[in-house]
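Colleague: See target.cif below, with mmCIF, C-alpha atoms.
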```cif
data_run
#
loop_
_atom_site.label_atom_id
_atom_site.label_comp_id
_atom_site.auth_asym_id
_atom_site.auth_seq_id
_atom_site.Cartn_x
_atom_site.Cartn_y
_atom_site.Cartn_z
CA MET A 5 -26.69 -15.47 51.89
CA GLN A 6 -24.68 -17.19 49.16
CA ARG A 7 -27.60 -16.78 46.76
CA TYR A 8 -27.74 -13.06 47.59
CA LEU A 9 -24.03 -12.64 46.91
CA PHE A 10 -24.32 -14.51 43.60
CA VAL A 11 -27.20 -12.31 42.42
CA SER A 12 -25.34 -9.18 43.50
CA LEU A 13 -22.29 -10.24 41.50
CA LEU A 14 -24.43 -10.85 38.41
CA ILE A 15 -25.94 -7.36 38.69
CA LEU A 16 -22.51 -5.82 39.17
CA CYS A 17 -21.09 -7.63 36.11
CA SER A 18 -24.06 -6.60 33.96
CA THR A 19 -23.47 -2.95 34.80
CA LEU A 20 -19.75 -3.19 34.11
CA LEU A 21 -19.84 -5.04 30.78
CA PRO A 22 -21.23 -2.22 28.60
CA HIS A 23 -18.74 0.20 30.13
CA THR A 24 -15.84 -2.18 29.45
CA ALA A 25 -16.82 -2.61 25.79
CA TYR A 26 -17.16 1.12 25.34
CA SER A 27 -13.80 1.79 26.94
CA SER A 28 -12.14 -0.73 24.63
CA SER A 29 -13.51 0.98 21.50
CA THR A 30 -12.28 4.40 22.59
CA SER A 31 -9.08 3.46 24.40
CA PHE A 32 -6.85 4.96 21.69
CA LYS A 33 -8.73 8.23 21.29
CA GLY A 34 -6.39 11.19 21.70
CA LYS A 35 -3.25 9.05 21.72
CA THR A 36 -0.36 9.67 19.33
CA ILE A 37 1.33 7.17 17.03
CA SER A 38 4.47 7.79 14.97
CA VAL A 39 4.80 6.18 11.53
CA VAL A 40 7.85 6.39 9.27
CA TYR A 41 7.82 6.03 5.47
CA SER A 42 10.21 6.06 2.53
CA SER A 43 11.23 9.65 1.75
CA ARG A 44 11.57 9.13 -2.03
CA TRP A 45 8.79 6.94 -3.30
CA ALA A 46 6.26 9.18 -5.02
CA PRO A 47 3.30 8.87 -5.30
CA PHE A 48 3.31 6.53 -2.28
CA SER A 49 5.38 8.61 0.17
CA TYR A 50 7.75 11.55 -0.12
CA HIS A 51 8.92 14.78 1.46
CA LEU A 52 7.39 18.10 0.47
CA GLU A 53 9.50 21.26 0.26
CA ASN A 54 8.48 22.19 3.81
CA HIS A 55 9.66 18.73 4.98
CA ALA A 56 6.10 17.59 5.60
CA VAL A 57 5.33 14.01 4.55
CA SER A 58 2.76 13.32 1.86
CA GLY A 59 1.71 10.56 -0.51
CA ILE A 60 -0.90 7.83 -0.80
CA LEU A 61 0.33 5.79 2.16
CA PRO A 62 0.59 8.47 4.88
CA VAL A 63 -2.62 10.19 3.82
CA LEU A 64 -4.62 6.94 3.70
CA LEU A 65 -3.34 5.60 7.02
CA SER A 66 -3.73 8.95 8.79
CA LYS A 67 -7.34 9.27 7.65
CA ILE A 68 -8.23 5.83 8.98
CA LEU A 69 -6.44 6.14 12.33
CA THR A 70 -7.70 9.68 12.88
CA GLU A 71 -11.30 9.34 11.73
CA LYS A 72 -11.98 5.82 12.98
CA MET A 73 -9.86 5.59 16.13
CA GLY A 74 -9.46 9.23 17.11
CA MET A 75 -5.66 9.00 17.14
CA GLU A 76 -3.14 11.69 16.29
CA VAL A 77 -0.68 10.48 13.66
CA ASN A 78 2.84 11.89 13.32
CA SER A 79 4.28 10.98 9.93
CA TYR A 80 8.01 10.94 9.19
CA ALA A 81 10.07 10.00 6.14
CA GLU A 82 13.63 8.72 5.76
CA PRO A 83 15.54 6.68 3.21
CA TRP A 84 13.75 3.33 3.31
CA ALA A 85 16.55 1.19 4.77
CA ARG A 86 17.07 3.72 7.57
CA ALA A 87 13.32 4.07 8.14
CA GLN A 88 12.91 0.33 8.70
CA GLU A 89 15.89 0.20 11.05
CA SER A 90 14.60 3.18 13.01
CA ALA A 91 11.24 1.48 13.49
CA LYS A 92 12.91 -1.80 14.46
CA GLN A 93 14.76 0.03 17.23
CA GLY A 94 11.56 1.69 18.44
CA ARG A 95 12.39 5.26 17.43
CA TYR A 96 9.05 5.17 15.58
CA ASP A 97 6.00 3.10 16.44
CA ALA A 98 5.30 1.68 13.03
CA ILE A 99 5.86 1.36 9.30
CA PHE A 100 3.18 0.85 6.64
CA THR A 101 4.26 -1.82 4.18
CA ALA A 102 4.03 -5.53 3.34
CA ILE A 103 4.74 -8.14 5.98
CA THR A 104 7.58 -10.58 5.27
CA PRO A 105 9.09 -13.46 7.27
CA GLU A 106 12.07 -11.26 8.13
CA ARG A 107 9.91 -8.36 9.27
CA GLU A 108 7.87 -10.65 11.51
CA HIS A 109 10.88 -10.84 13.82
CA TYR A 110 10.66 -7.10 14.49
CA PHE A 111 7.04 -6.13 13.83
CA LEU A 112 3.46 -7.13 14.64
CA ALA A 113 1.01 -6.87 11.74
CA ASN A 114 -2.73 -6.26 11.61
CA LYS A 115 -4.95 -8.74 9.75
CA TYR A 116 -6.57 -6.81 6.90
CA ASP A 117 -4.80 -5.07 4.02
CA LEU A 118 -5.23 -1.31 4.04
CA PHE A 119 -3.68 -0.90 0.60
CA SER A 120 -2.37 -3.08 -2.23
CA LEU A 121 0.46 -2.53 -4.69
CA ASP A 122 -0.52 -3.99 -8.05
CA TRP A 123 1.64 -5.05 -11.01
CA ARG A 124 0.12 -4.53 -14.45
CA ALA A 125 1.25 -4.50 -18.07
CA PHE A 126 1.81 -1.23 -19.96
CA VAL A 127 1.37 -1.57 -23.71
CA SER A 128 2.65 0.58 -26.55
CA GLN A 129 0.04 1.96 -28.90
CA GLU A 130 2.83 1.96 -31.50
CA SER A 131 2.94 -1.83 -31.37
CA PRO A 132 1.61 -3.40 -34.60
CA LEU A 133 -0.49 -5.75 -32.46
CA PHE A 134 -2.05 -3.01 -30.32
CA GLU A 135 -5.38 -2.91 -32.16
CA ASN A 136 -5.94 -6.58 -31.40
CA ILE A 137 -5.17 -6.27 -27.69
CA LYS A 138 -8.20 -6.27 -25.37
CA PRO A 139 -8.04 -4.26 -22.10
CA ASP A 140 -8.57 -7.33 -19.89
CA GLN A 141 -6.39 -9.66 -21.95
CA ASP A 142 -3.53 -11.69 -20.47
CA ILE A 143 -0.92 -10.12 -22.71
CA LEU A 144 1.89 -12.23 -21.29
CA LYS A 145 0.57 -15.26 -23.16
CA ASN A 146 1.77 -13.64 -26.37
CA LYS A 147 5.25 -14.97 -27.13
CA LYS A 148 5.72 -12.66 -30.11
CA LEU A 149 5.99 -9.43 -28.09
CA GLN A 150 9.12 -7.84 -26.64
CA TYR A 151 9.09 -7.25 -22.88
CA VAL A 152 11.02 -4.80 -20.72
CA VAL A 153 11.40 -4.38 -16.94
CA VAL A 154 13.36 -2.23 -14.51
CA ASN A 155 16.58 -3.89 -13.43
CA GLY A 156 16.13 -5.10 -9.85
CA ASP A 157 12.33 -5.22 -9.99
CA GLY A 158 12.24 -8.80 -8.74
CA SER A 159 8.45 -9.02 -8.89
CA SER A 160 8.26 -8.16 -12.60
CA GLU A 161 11.22 -10.39 -13.41
CA GLN A 162 9.67 -13.36 -11.60
CA ILE A 163 6.30 -12.88 -13.30
CA LEU A 164 7.93 -12.98 -16.74
CA LYS A 165 10.02 -16.00 -15.75
CA ASN A 166 6.83 -17.79 -14.71
CA TYR A 167 5.52 -17.21 -18.23
CA ASP A 168 8.88 -18.36 -19.66
CA LEU A 169 9.34 -15.03 -21.43
CA PRO A 170 12.65 -13.35 -22.32
CA TYR A 171 12.95 -9.69 -21.37
CA THR A 172 15.23 -6.67 -21.41
CA SER A 173 16.24 -4.92 -18.17
CA LEU A 174 16.85 -1.17 -17.99
CA THR A 175 17.98 1.03 -15.12
CA SER A 176 14.80 3.11 -14.72
CA ALA A 177 11.07 3.04 -15.34
CA GLN A 178 11.43 6.24 -17.38
CA GLN A 179 13.75 4.47 -19.82
CA CYS A 180 11.37 1.54 -20.11
CA LEU A 181 8.37 3.76 -20.81
CA GLY A 182 10.37 5.71 -23.38
CA LEU A 183 11.09 2.54 -25.34
CA ILE A 184 7.47 1.47 -25.07
CA ALA A 185 6.12 4.85 -26.18
CA PHE A 186 8.11 4.83 -29.41
CA GLY A 187 7.44 1.21 -30.25
CA ARG A 188 10.93 -0.14 -29.64
CA LYS A 189 9.47 -2.54 -27.08
CA ASP A 190 5.89 -3.79 -26.75
CA VAL A 191 5.16 -4.42 -23.06
CA PHE A 192 6.46 -2.95 -19.80
CA LEU A 193 5.59 -4.74 -16.55
CA HIS A 194 5.62 -2.57 -13.43
CA SER A 195 3.70 -1.16 -10.45
CA TYR A 196 0.52 0.33 -11.86
CA LEU A 197 0.42 3.55 -9.83
CA VAL A 198 4.12 4.29 -10.37
CA GLY A 199 3.73 3.72 -14.10
CA GLU A 200 0.65 5.92 -14.35
CA THR A 201 2.36 8.76 -12.50
CA LEU A 202 5.41 8.62 -14.76
CA LEU A 203 3.31 8.47 -17.92
CA HIS A 204 1.60 11.74 -17.00
CA LYS A 205 4.88 13.37 -15.98
CA MET A 206 6.48 12.34 -19.28
CA ASN A 207 3.37 13.30 -21.29
CA LEU A 208 3.19 9.78 -22.67
CA ASN A 209 -0.25 8.81 -21.40
CA ASN A 210 -1.62 9.07 -24.96
CA LYS A 211 0.98 6.66 -26.28
CA VAL A 212 1.06 3.99 -23.58
CA LYS A 213 -1.88 2.31 -21.85
CA ALA A 214 -2.11 0.03 -18.83
CA LEU A 215 -4.12 -3.15 -19.25
CA ARG A 216 -6.62 -4.20 -16.58
CA LYS A 217 -5.22 -7.58 -15.57
CA THR A 218 -3.31 -7.59 -12.28
CA TYR A 219 -0.38 -10.01 -12.26
CA LYS A 220 0.61 -9.53 -8.66
CA SER A 221 -0.90 -7.74 -5.69
CA VAL A 222 1.07 -7.05 -2.52
CA GLY A 223 -1.02 -6.12 0.50
CA PHE A 224 0.17 -3.37 2.85
CA LYS A 225 -0.53 -3.58 6.57
CA LEU A 226 0.29 -1.51 9.63
CA LEU A 227 3.48 -3.06 11.05
CA LEU A 228 3.89 -2.18 14.70
CA SER A 229 7.40 -2.25 16.10
CA ARG A 230 7.86 -4.84 18.83
CA LYS A 231 9.68 -2.09 20.74
CA SER A 232 6.72 0.30 20.53
CA SER A 233 4.76 1.13 23.68
CA TYR A 234 1.67 -0.08 21.76
CA ASP A 235 0.83 -3.77 21.41
CA GLN A 236 -1.54 -6.12 19.59
CA ALA A 237 -4.57 -4.40 21.11
CA LEU A 238 -4.08 -1.42 18.80
CA LEU A 239 -3.93 -3.66 15.74
CA ASP A 240 -7.01 -5.59 16.85
CA GLU A 241 -8.94 -2.35 17.26
CA LEU A 242 -7.80 -1.21 13.82
CA ASP A 243 -8.97 -4.50 12.27
CA LYS A 244 -12.43 -4.07 13.82
CA HIS A 245 -12.84 -0.83 11.92
CA LEU A 246 -11.29 -2.21 8.74
CA ALA A 247 -13.68 -5.18 8.73
CA GLN A 248 -16.63 -2.78 8.84
CA MET A 249 -15.10 -0.57 6.14
CA ILE A 250 -14.45 -3.55 3.87
CA GLU A 251 -17.97 -4.90 4.28
CA SER A 252 -19.58 -1.52 3.52
CA GLY A 253 -17.25 -0.71 0.62
CA GLU A 254 -15.98 2.37 2.46
CA LEU A 255 -12.34 1.25 2.42
CA GLN A 256 -12.27 0.79 -1.36
CA GLN A 257 -13.90 4.18 -1.88
CA LEU A 258 -11.39 5.83 0.42
CA ARG A 259 -8.46 4.14 -1.34
CA GLU A 260 -9.65 5.35 -4.74
CA GLN A 261 -10.25 8.87 -3.46
CA VAL A 262 -6.79 9.13 -1.87
CA GLU A 263 -5.07 7.55 -4.88
CA ASN A 264 -6.68 9.98 -7.32
CA GLU A 265 -5.93 13.02 -5.16
CA GLN A 266 -2.33 12.04 -4.46
CA LEU A 267 -1.56 11.07 -8.06
CA LEU A 268 -2.53 14.57 -9.14
CA LYS A 269 -0.37 16.11 -6.42
CA ALA A 270 2.57 13.87 -7.31
CA LEU A 271 2.47 15.20 -10.87
CA ASP A 272 3.43 18.65 -9.55
CA LEU A 273 6.65 17.32 -8.01
CA ASN A 274 9.92 18.12 -9.73
#
```
What would you get if you wrote out this structure as structure tokens?

Modeller:
Amino acid sequence: MQRYLFVSLLILCSTLLPHTAYSSSTSFKGKTISVVYSSRWAPFSYHLENHAVSGILPVLLSKILTEKMGMEVNSYAEPWARAQESAKQGRYDAIFTAITPEREHYFLANKYDLFSLDWRAFVSQESPLFENIKPDQDILKNKKLQYVVVNGDGSSEQILKNYDLPYTSLTSAQQCLGLIAFGRKDVFLHSYLVGETLLHKMNLNNKVKALRKTYKSVGFKLLLSRKSSYDQALLDELDKHLAQMIESGELQQLREQVENEQLLKALDLN
């Protein structure tokens, strides 16, 4: 009798296991998640005239959550400080940004980076040394050049300090690129995608070029509010899909596609 019960239990478990695995992979299909972004950070996230949210970050995340997990994504945008506080309080389910020790108190993060923000050097073609600069060169080893950063860009400032380089700080990236374009400074260190967008907007892309070397890369993850109705299971499911996308190269292709499309759209903004 005991042997019969044991065999029966084994058969029952074997019939349930495939169903359980299948349910886990589709458990978020049709569910809605709300994500809030910065409202003024083109090309990464911004409001359109009709108050819809666009940019690299919302488009990329929405594609992955929709196409891979079958979820419906509601995207919102607010001034960044308010957006983070709103998500902390659970008014939105998540934000899409870098994880920090402070944010860990309020958010759960998935494992794999969905996006990375890269810092690169922009070089003036008016610089007398430009012809000798190679695209993949570590330009910051050159002590003879004049460097400029945006005041408050702690990442760029720290990179230059690590190289023991003096630099000038200006209030905006537009001012920095203007000096670079006309040869009054040699190198501008900044976020690559922001710099590229501004160069095209200012019609300076023929005068200033970005070098290939990345000096810093900050990975962006889905940060789920600890007050959200969702929990770690959603992030684990997301990471399963991301692991497959990374291995196949699909994630990199999608990033490049979204970046190119959104950079062009950002150029049409006022």

Colleague: If the PyMOL selection byres ((chain A and resi 183) around 12) were run on this exact file, what residues would it hold? Put them as a PyMOL selection string.

Modeller: chain A and resi 126-131+150-153+172-174+176-182+184-192+208+211-212

Colleague: Could you tell me how far CA of Ser252 (chain A) sits from CA of Asp235 (chain A), in Å to one decimal place?

Modeller: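 Calculated distance between CA of Asp235 (chain A) and CA of Ser252 (chain A) is 27.2 Å.
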
Colleague: For a test of reading the model, state the distance in Å between CA of Gln162 (chain A) and CA of Leu118 (chain A), rounded to one decimal.

Modeller: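 Interatomic distance here is 24.7 Å.
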
Colleague: Applying 6 Å and all atoms listed in the file, which residues near region 195-207 of chain A remain after dropping the ones on its own chain fewer than 5 positions away? List them as an MDAnalysis selection string.

Modeller: chainID A and resid 122:124 271

Colleague: Nearest residue to Val222 (chain A) out of A:Thr104, A:Asn155, A:Asn114, A:Gln256, using all atoms listed in the file?

Modeller: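 Among the listed residues, A:Thr104 lies closest to Val222 (chain A).
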
Colleague: Any chance you could work out the residue set of the PyMOL selection byres ((chain A and resi 48) around 7) here, as an MDAnalysis selection string?

Modeller: chainID A and resid 45:47 49 59:61

Colleague: Print the selection's residues with C-alpha atoms to a file, as a JSON list (two decimals), in the coordinates of the input.

Modeller:
```json
[["chain", "number", "residue", "atom", "x", "y", "z"],
["A", 45, "TRP", "CA", 8.79, 6.94, -3.30],
["A", 46, "ALA", "CA", 6.26, 9.18, -5.02],
["A", 47, "PRO", "CA", 3.30, 8.87, -5.30],
["A", 49, "SER", "CA", 5.38, 8.61, 0.17],
["A", 59, "GLY", "CA", 1.71, 10.56, -0.51],
["A", 60, "ILE", "CA", -0.90, 7.83, -0.80],
["A", 61, "LEU", "CA", 0.33, 5.79, 2.16]]
```

Colleague: Fewer than 6 positions away in the same chain doesn't count, so skip those; otherwise give me all residues within 9 Å of Leu64 (chain A), counting only C-alpha atoms, as a list in words.

Modeller: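 Once the nearby chain positions are removed, what remains is Leu118, Phe119, Leu258, Arg259, Val262 and Glu263 of chain A.
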
Colleague: Quick one: residues within 6 Å of region 115-117 of chain A, all atoms listed in the file counted, chain neighbours fewer than 5 positions away excluded, as a PDB file with C-alpha atoms, in the frame of the given file?

Modeller:
```pdb
ATOM      1  CA  GLY A 223      -1.020  -6.120   0.500  1.00  0.00           C
ATOM      2  CA  PHE A 224       0.170  -3.370   2.850  1.00  0.00           C
ATOM      3  CA  LYS A 225      -0.530  -3.580   6.570  1.00  0.00           C
TER       4      LYS A 225
END
```

Colleague: Could you please determine the separation between CA of Asp240 (chain A) and CA of Leu112 (chain A) in Å, to one decimal place?

Modeller: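 Interatomic distance, CA of Asp240 (chain A) to CA of Leu112 (chain A): 10.8 Å.
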
Colleague: I'd like the box whose edges run along x, y and z of the file and which contains every listed atom of region 133-138 of chain A, padded by 6 Å per side; could you state its centre and edge lengths in Å, one decimal, as AutoDock Vina command-line options?

Modeller:
```
--center_x -4.3 --center_y -4.7 --center_z -28.9 --size_x 19.7 --size_y 15.7 --size_z 19.1
```

Colleague: If you count all atoms listed in the file, which residues fall within 6 Å of region 136-145 of chain A, apart from same-chain ones fewer than 5 positions away, as a list in words?

Modeller: Leu215, Arg216 and Lys217 of chain A

Colleague: When you look at His245 (chain A) with a cut-off of 12 Å (counting all atoms listed in the file), what residues show up, excluding the ones that are within fewer than 6 positions of it in the same chain? I need them as a PyMOL selection string.

Modeller: chain A and resi 29-30+68-74+114-116+118+238-239+251-252+254-255

Colleague: Measuring between all atoms listed in the file, which one of A:Gly34, A:Val39, A:Tyr50, A:Gln93 shows the shortest distance to Gln266 (chain A)?

Modeller: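 Nearest to Gln266 (chain A): A:Tyr50.
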
Colleague: Using the chain letters and residue numbers of this document, give as a PyMOL selection string the residues selected by the PyMOL selection byres ((chain A and resi 40) around 12).

Modeller: chain A and resi 37-39+41-43+49-51+56-58+61-62+65-66+77-92+94-101+226-229

Colleague: With C-alpha atoms retained, export the selected residues as an mmCIF file, in the coordinates of the input.

Modeller:
```cif
data_model
loop_
_atom_site.group_PDB
_atom_site.id
_atom_site.type_symbol
_atom_site.label_atom_id
_atom_site.label_comp_id
_atom_site.auth_asym_id
_atom_site.auth_seq_id
_atom_site.Cartn_x
_atom_site.Cartn_y
_atom_site.Cartn_z
ATOM 1 C CA ILE A 37 1.330 7.170 17.030
ATOM 2 C CA SER A 38 4.470 7.790 14.970
ATOM 3 C CA VAL A 39 4.800 6.180 11.530
ATOM 4 C CA TYR A 41 7.820 6.030 5.470
ATOM 5 C CA SER A 42 10.210 6.060 2.530
ATOM 6 C CA SER A 43 11.230 9.650 1.750
ATOM 7 C CA SER A 49 5.380 8.610 0.170
ATOM 8 C CA TYR A 50 7.750 11.550 -0.120
ATOM 9 C CA HIS A 51 8.920 14.780 1.460
ATOM 10 C CA ALA A 56 6.100 17.590 5.600
ATOM 11 C CA VAL A 57 5.330 14.010 4.550
ATOM 12 C CA SER A 58 2.760 13.320 1.860
ATOM 13 C CA LEU A 61 0.330 5.790 2.160
ATOM 14 C CA PRO A 62 0.590 8.470 4.880
ATOM 15 C CA LEU A 65 -3.340 5.600 7.020
ATOM 16 C CA SER A 66 -3.730 8.950 8.790
ATOM 17 C CA VAL A 77 -0.680 10.480 13.660
ATOM 18 C CA ASN A 78 2.840 11.890 13.320
ATOM 19 C CA SER A 79 4.280 10.980 9.930
ATOM 20 C CA TYR A 80 8.010 10.940 9.190
ATOM 21 C CA ALA A 81 10.070 10.000 6.140
ATOM 22 C CA GLU A 82 13.630 8.720 5.760
ATOM 23 C CA PRO A 83 15.540 6.680 3.210
ATOM 24 C CA TRP A 84 13.750 3.330 3.310
ATOM 25 C CA ALA A 85 16.550 1.190 4.770
ATOM 26 C CA ARG A 86 17.070 3.720 7.570
ATOM 27 C CA ALA A 87 13.320 4.070 8.140
ATOM 28 C CA GLN A 88 12.910 0.330 8.700
ATOM 29 C CA GLU A 89 15.890 0.200 11.050
ATOM 30 C CA SER A 90 14.600 3.180 13.010
ATOM 31 C CA ALA A 91 11.240 1.480 13.490
ATOM 32 C CA LYS A 92 12.910 -1.800 14.460
ATOM 33 C CA GLY A 94 11.560 1.690 18.440
ATOM 34 C CA ARG A 95 12.390 5.260 17.430
ATOM 35 C CA TYR A 96 9.050 5.170 15.580
ATOM 36 C CA ASP A 97 6.000 3.100 16.440
ATOM 37 C CA ALA A 98 5.300 1.680 13.030
ATOM 38 C CA ILE A 99 5.860 1.360 9.300
ATOM 39 C CA PHE A 100 3.180 0.850 6.640
ATOM 40 C CA THR A 101 4.260 -1.820 4.180
ATOM 41 C CA LEU A 226 0.290 -1.510 9.630
ATOM 42 C CA LEU A 227 3.480 -3.060 11.050
ATOM 43 C CA LEU A 228 3.890 -2.180 14.700
ATOM 44 C CA SER A 229 7.400 -2.250 16.100
#
```

Colleague: Considering all atoms listed in the file, state which residue in the set A:Ala125, A:Leu169, A:Ala113, A:Ala270 is at the smallest distance from Gln236 (chain A).

Modeller: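 Closest to Gln236 (chain A) of all the choices is A:Ala113.
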
Colleague: From the set A:Lys213, A:Leu193, A:Ser159, A:Leu268, which residue has the shortest atom-to-atom contact distance to Tyr171 (chain A), counting all atoms listed in the file?

Modeller: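 Using all atoms listed in the file, the shortest distance to Tyr171 (chain A) belongs to A:Leu193.
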